[in-house]
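Visitor: Below you'll find final23.txt; it's compact mmCIF, N, CA and C atoms.
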# COMPACT_ATOMS: atom_id res chain seq x y z
N MET X 1 -17.95 -35.20 -10.54
CA MET X 1 -17.59 -36.55 -10.18
C MET X 1 -17.20 -36.59 -8.71
N LYS X 2 -17.76 -37.52 -8.03
CA LYS X 2 -17.55 -37.62 -6.60
C LYS X 2 -16.14 -38.16 -6.30
N GLY X 3 -15.48 -37.57 -5.32
CA GLY X 3 -14.18 -38.05 -4.89
C GLY X 3 -13.00 -37.42 -5.62
N LYS X 4 -13.22 -36.71 -6.70
CA LYS X 4 -12.12 -36.07 -7.42
C LYS X 4 -11.88 -34.67 -6.87
N LEU X 5 -10.62 -34.30 -6.84
CA LEU X 5 -10.24 -32.98 -6.36
C LEU X 5 -10.45 -31.97 -7.47
N GLN X 6 -11.17 -30.94 -7.18
CA GLN X 6 -11.41 -29.89 -8.16
C GLN X 6 -10.22 -28.93 -8.19
N VAL X 7 -9.91 -28.39 -9.34
CA VAL X 7 -8.79 -27.46 -9.49
C VAL X 7 -9.00 -26.23 -8.63
N LYS X 8 -10.22 -25.75 -8.55
CA LYS X 8 -10.48 -24.53 -7.78
C LYS X 8 -10.28 -24.75 -6.27
N ASP X 9 -10.25 -25.99 -5.80
CA ASP X 9 -10.07 -26.29 -4.38
C ASP X 9 -8.60 -26.18 -3.95
N VAL X 10 -7.68 -26.25 -4.88
CA VAL X 10 -6.25 -26.21 -4.56
C VAL X 10 -5.73 -24.80 -4.81
N PRO X 11 -5.23 -24.12 -3.76
CA PRO X 11 -4.68 -22.78 -3.98
C PRO X 11 -3.45 -22.85 -4.88
N ARG X 12 -3.38 -21.96 -5.82
CA ARG X 12 -2.24 -21.92 -6.72
C ARG X 12 -1.02 -21.39 -6.00
N LYS X 13 0.14 -21.76 -6.50
CA LYS X 13 1.40 -21.31 -5.92
C LYS X 13 1.48 -19.78 -5.99
N GLY X 14 1.83 -19.18 -4.89
CA GLY X 14 1.97 -17.73 -4.84
C GLY X 14 0.70 -16.98 -4.43
N THR X 15 -0.40 -17.69 -4.25
CA THR X 15 -1.66 -17.03 -3.90
C THR X 15 -1.54 -16.27 -2.59
N ARG X 16 -0.91 -16.88 -1.59
CA ARG X 16 -0.75 -16.21 -0.29
C ARG X 16 0.16 -14.99 -0.41
N ARG X 17 1.18 -15.08 -1.23
CA ARG X 17 2.09 -13.95 -1.42
C ARG X 17 1.37 -12.77 -2.05
N VAL X 18 0.56 -13.05 -3.05
CA VAL X 18 -0.21 -11.99 -3.72
C VAL X 18 -1.18 -11.37 -2.72
N GLU X 19 -1.84 -12.20 -1.95
CA GLU X 19 -2.78 -11.70 -0.94
C GLU X 19 -2.07 -10.80 0.07
N ALA X 20 -0.88 -11.20 0.50
CA ALA X 20 -0.11 -10.39 1.45
C ALA X 20 0.25 -9.04 0.84
N TRP X 21 0.66 -9.02 -0.41
CA TRP X 21 1.00 -7.76 -1.07
C TRP X 21 -0.21 -6.85 -1.19
N VAL X 22 -1.35 -7.42 -1.50
CA VAL X 22 -2.55 -6.59 -1.63
C VAL X 22 -2.88 -5.91 -0.31
N TYR X 23 -2.84 -6.67 0.78
CA TYR X 23 -3.21 -6.12 2.09
C TYR X 23 -2.14 -5.25 2.72
N THR X 24 -0.86 -5.53 2.48
CA THR X 24 0.19 -4.80 3.19
C THR X 24 0.87 -3.72 2.37
N VAL X 25 0.73 -3.78 1.04
CA VAL X 25 1.41 -2.80 0.19
C VAL X 25 0.43 -2.05 -0.70
N ILE X 26 -0.32 -2.77 -1.49
CA ILE X 26 -1.19 -2.12 -2.48
C ILE X 26 -2.29 -1.29 -1.82
N ASN X 27 -3.04 -1.87 -0.89
CA ASN X 27 -4.14 -1.13 -0.24
C ASN X 27 -3.65 0.11 0.50
N PRO X 28 -2.56 0.05 1.29
CA PRO X 28 -2.08 1.28 1.94
C PRO X 28 -1.66 2.36 0.93
N LEU X 29 -1.07 1.95 -0.19
CA LEU X 29 -0.69 2.94 -1.20
C LEU X 29 -1.91 3.59 -1.84
N ILE X 30 -2.92 2.80 -2.12
CA ILE X 30 -4.15 3.37 -2.70
C ILE X 30 -4.77 4.37 -1.74
N GLU X 31 -4.84 4.02 -0.46
CA GLU X 31 -5.42 4.93 0.53
C GLU X 31 -4.58 6.21 0.65
N ALA X 32 -3.26 6.06 0.65
CA ALA X 32 -2.38 7.23 0.76
C ALA X 32 -2.55 8.15 -0.45
N LEU X 33 -2.67 7.59 -1.63
CA LEU X 33 -2.85 8.40 -2.82
C LEU X 33 -4.20 9.12 -2.81
N ARG X 34 -5.21 8.49 -2.26
CA ARG X 34 -6.51 9.16 -2.13
C ARG X 34 -6.40 10.38 -1.21
N VAL X 35 -5.69 10.21 -0.11
CA VAL X 35 -5.52 11.32 0.84
C VAL X 35 -4.70 12.43 0.19
N GLU X 36 -3.60 12.07 -0.47
CA GLU X 36 -2.79 13.08 -1.14
C GLU X 36 -3.57 13.81 -2.21
N LYS X 37 -4.40 13.09 -2.93
CA LYS X 37 -5.22 13.73 -3.96
C LYS X 37 -6.10 14.82 -3.36
N SER X 38 -6.66 14.54 -2.18
CA SER X 38 -7.51 15.56 -1.55
C SER X 38 -6.69 16.77 -1.12
N PHE X 39 -5.47 16.54 -0.61
CA PHE X 39 -4.62 17.67 -0.24
C PHE X 39 -4.23 18.49 -1.46
N LEU X 40 -3.91 17.82 -2.55
CA LEU X 40 -3.55 18.54 -3.77
C LEU X 40 -4.74 19.29 -4.35
N ARG X 41 -5.89 18.68 -4.32
CA ARG X 41 -7.10 19.33 -4.83
C ARG X 41 -7.40 20.60 -4.05
N ASP X 42 -7.20 20.53 -2.71
CA ASP X 42 -7.47 21.68 -1.84
C ASP X 42 -6.29 22.65 -1.76
N LYS X 43 -5.23 22.34 -2.49
CA LYS X 43 -4.00 23.15 -2.49
C LYS X 43 -3.44 23.30 -1.08
N ASN X 44 -3.46 22.21 -0.33
CA ASN X 44 -2.92 22.19 1.02
C ASN X 44 -1.49 21.66 0.96
N TRP X 45 -0.56 22.54 0.70
CA TRP X 45 0.84 22.18 0.55
C TRP X 45 1.63 22.67 1.76
N THR X 46 1.27 22.20 2.93
CA THR X 46 1.91 22.64 4.16
C THR X 46 3.39 22.25 4.15
N TRP X 47 4.25 23.21 4.46
CA TRP X 47 5.69 23.02 4.42
C TRP X 47 6.24 22.85 5.83
N ARG X 48 7.10 21.88 6.04
CA ARG X 48 7.78 21.70 7.32
C ARG X 48 9.11 22.44 7.27
N TYR X 49 9.23 23.43 8.11
CA TYR X 49 10.43 24.26 8.11
C TYR X 49 11.67 23.45 8.54
N GLN X 50 11.53 22.63 9.58
CA GLN X 50 12.68 21.90 10.12
C GLN X 50 13.22 20.87 9.12
N THR X 51 12.35 20.14 8.48
CA THR X 51 12.80 19.09 7.55
C THR X 51 12.90 19.58 6.11
N LYS X 52 12.41 20.80 5.88
CA LYS X 52 12.39 21.37 4.53
C LYS X 52 11.71 20.42 3.54
N ASP X 53 10.54 19.97 3.95
CA ASP X 53 9.79 19.01 3.15
C ASP X 53 8.30 19.28 3.30
N LEU X 54 7.52 18.75 2.39
CA LEU X 54 6.07 18.89 2.50
C LEU X 54 5.56 18.04 3.66
N GLU X 55 4.55 18.53 4.34
CA GLU X 55 4.05 17.84 5.53
C GLU X 55 3.17 16.64 5.19
N PHE X 56 2.28 16.78 4.25
CA PHE X 56 1.30 15.74 3.99
C PHE X 56 1.53 14.97 2.70
N ILE X 57 2.41 15.43 1.85
CA ILE X 57 2.66 14.77 0.57
C ILE X 57 4.05 14.15 0.65
N LEU X 58 4.08 12.81 0.61
CA LEU X 58 5.31 12.07 0.86
C LEU X 58 5.65 11.16 -0.32
N PRO X 59 6.91 10.74 -0.41
CA PRO X 59 7.24 9.70 -1.40
C PRO X 59 6.49 8.41 -1.05
N LEU X 60 6.13 7.64 -2.05
CA LEU X 60 5.32 6.45 -1.81
C LEU X 60 5.98 5.47 -0.85
N GLY X 61 7.28 5.35 -0.87
CA GLY X 61 7.98 4.43 0.02
C GLY X 61 7.75 4.71 1.49
N LYS X 62 7.45 5.96 1.83
CA LYS X 62 7.21 6.32 3.23
C LYS X 62 5.89 5.77 3.76
N TYR X 63 4.99 5.40 2.87
CA TYR X 63 3.69 4.88 3.30
C TYR X 63 3.71 3.39 3.58
N ILE X 64 4.75 2.72 3.15
CA ILE X 64 4.82 1.27 3.31
C ILE X 64 5.62 0.96 4.56
N ASN X 65 4.99 0.25 5.47
CA ASN X 65 5.63 -0.15 6.72
C ASN X 65 6.71 -1.17 6.41
N SER X 66 7.91 -1.00 6.95
CA SER X 66 8.99 -1.94 6.67
C SER X 66 8.64 -3.34 7.16
N ALA X 67 7.88 -3.46 8.23
CA ALA X 67 7.45 -4.77 8.71
C ALA X 67 6.54 -5.44 7.68
N SER X 68 5.72 -4.65 6.99
CA SER X 68 4.85 -5.21 5.96
C SER X 68 5.67 -5.80 4.83
N CYS X 69 6.73 -5.13 4.46
CA CYS X 69 7.58 -5.64 3.38
C CYS X 69 8.26 -6.93 3.80
N GLN X 70 8.69 -7.02 5.06
CA GLN X 70 9.31 -8.24 5.56
C GLN X 70 8.31 -9.38 5.56
N THR X 71 7.09 -9.13 5.99
CA THR X 71 6.06 -10.16 6.04
C THR X 71 5.77 -10.71 4.66
N SER X 72 5.63 -9.82 3.69
CA SER X 72 5.28 -10.27 2.35
C SER X 72 6.44 -11.03 1.71
N ARG X 73 7.67 -10.76 2.12
CA ARG X 73 8.82 -11.49 1.58
C ARG X 73 8.89 -12.91 2.10
N THR X 74 8.38 -13.15 3.29
CA THR X 74 8.51 -14.48 3.89
C THR X 74 7.42 -15.44 3.43
N LEU X 75 6.36 -14.96 2.83
CA LEU X 75 5.28 -15.85 2.39
C LEU X 75 5.63 -16.54 1.10
Starting from the file, give its structure as structure tokens.

Guide:
Amino acid sequence: MKGKLQVKDVPRKGTRRVEAWVYTVINPLIEALRVEKSFLRDKNWTWRYQTKDLEFILPLGKYINSASCQTSRTL
């Protein structure tokens, strides 16, 4: 019908927030896990003597930029 607004034309509430999370949180985590998987598969467990921690295998929170979290909260 001409002149009527289609439901698909109106973005649903929260669509921008979900999009921001996908680009700033979910995608970086997926990429980080892929990299870690390759290090684990190759048994590359390099140890940092000064920090007494693994060099390439990190907690997931370390992969998320704090600015990304702030951006996604404001949308």

Visitor: Determine, counting only N, CA and C atoms, which protein, DNA and RNA residues have an atom within 6 Å of an atom of region 40-46 of chain X; residues of the same chain fewer than 3 positions away are not included. Present the result as a short mmCIF file (atom, residue, chain, number, x, y, z; two decimals) with N, CA and C atoms, keeping the file's coordinate frame.

Guide:
data_model
loop_
_atom_site.label_atom_id
_atom_site.label_comp_id
_atom_site.auth_asym_id
_atom_site.auth_seq_id
_atom_site.Cartn_x
_atom_site.Cartn_y
_atom_site.Cartn_z
N GLU X 36 -3.60 12.07 -0.47
CA GLU X 36 -2.79 13.08 -1.14
C GLU X 36 -3.57 13.81 -2.21
N LYS X 37 -4.40 13.09 -2.93
CA LYS X 37 -5.22 13.73 -3.96
C LYS X 37 -6.10 14.82 -3.36
N ASP X 53 10.54 19.97 3.95
CA ASP X 53 9.79 19.01 3.15
C ASP X 53 8.30 19.28 3.30
N LEU X 54 7.52 18.75 2.39
CA LEU X 54 6.07 18.89 2.50
C LEU X 54 5.56 18.04 3.66
N GLU X 55 4.55 18.53 4.34
CA GLU X 55 4.05 17.84 5.53
C GLU X 55 3.17 16.64 5.19
N PHE X 56 2.28 16.78 4.25
CA PHE X 56 1.30 15.74 3.99
C PHE X 56 1.53 14.97 2.70
#

Visitor: Using only N, CA and C atoms for the distances, tell me which of X:Trp47, X:Leu29, X:Val18, X:Phe39 is nearest to Leu60 (chain X).

Guide: X:Leu29

Visitor: Between CA of Ile57 (chain X) and CA of Tyr23 (chain X), what is the distance in Å, rounded to a tenth?

Guide: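 A separation of 21.8 Å between them.
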
Visitor: Expressed in Å to a single decimal, how great is the separation between atom C of Arg12 (chain X) and CA of Asn27 (chain X)?

Guide: 21.3 Å
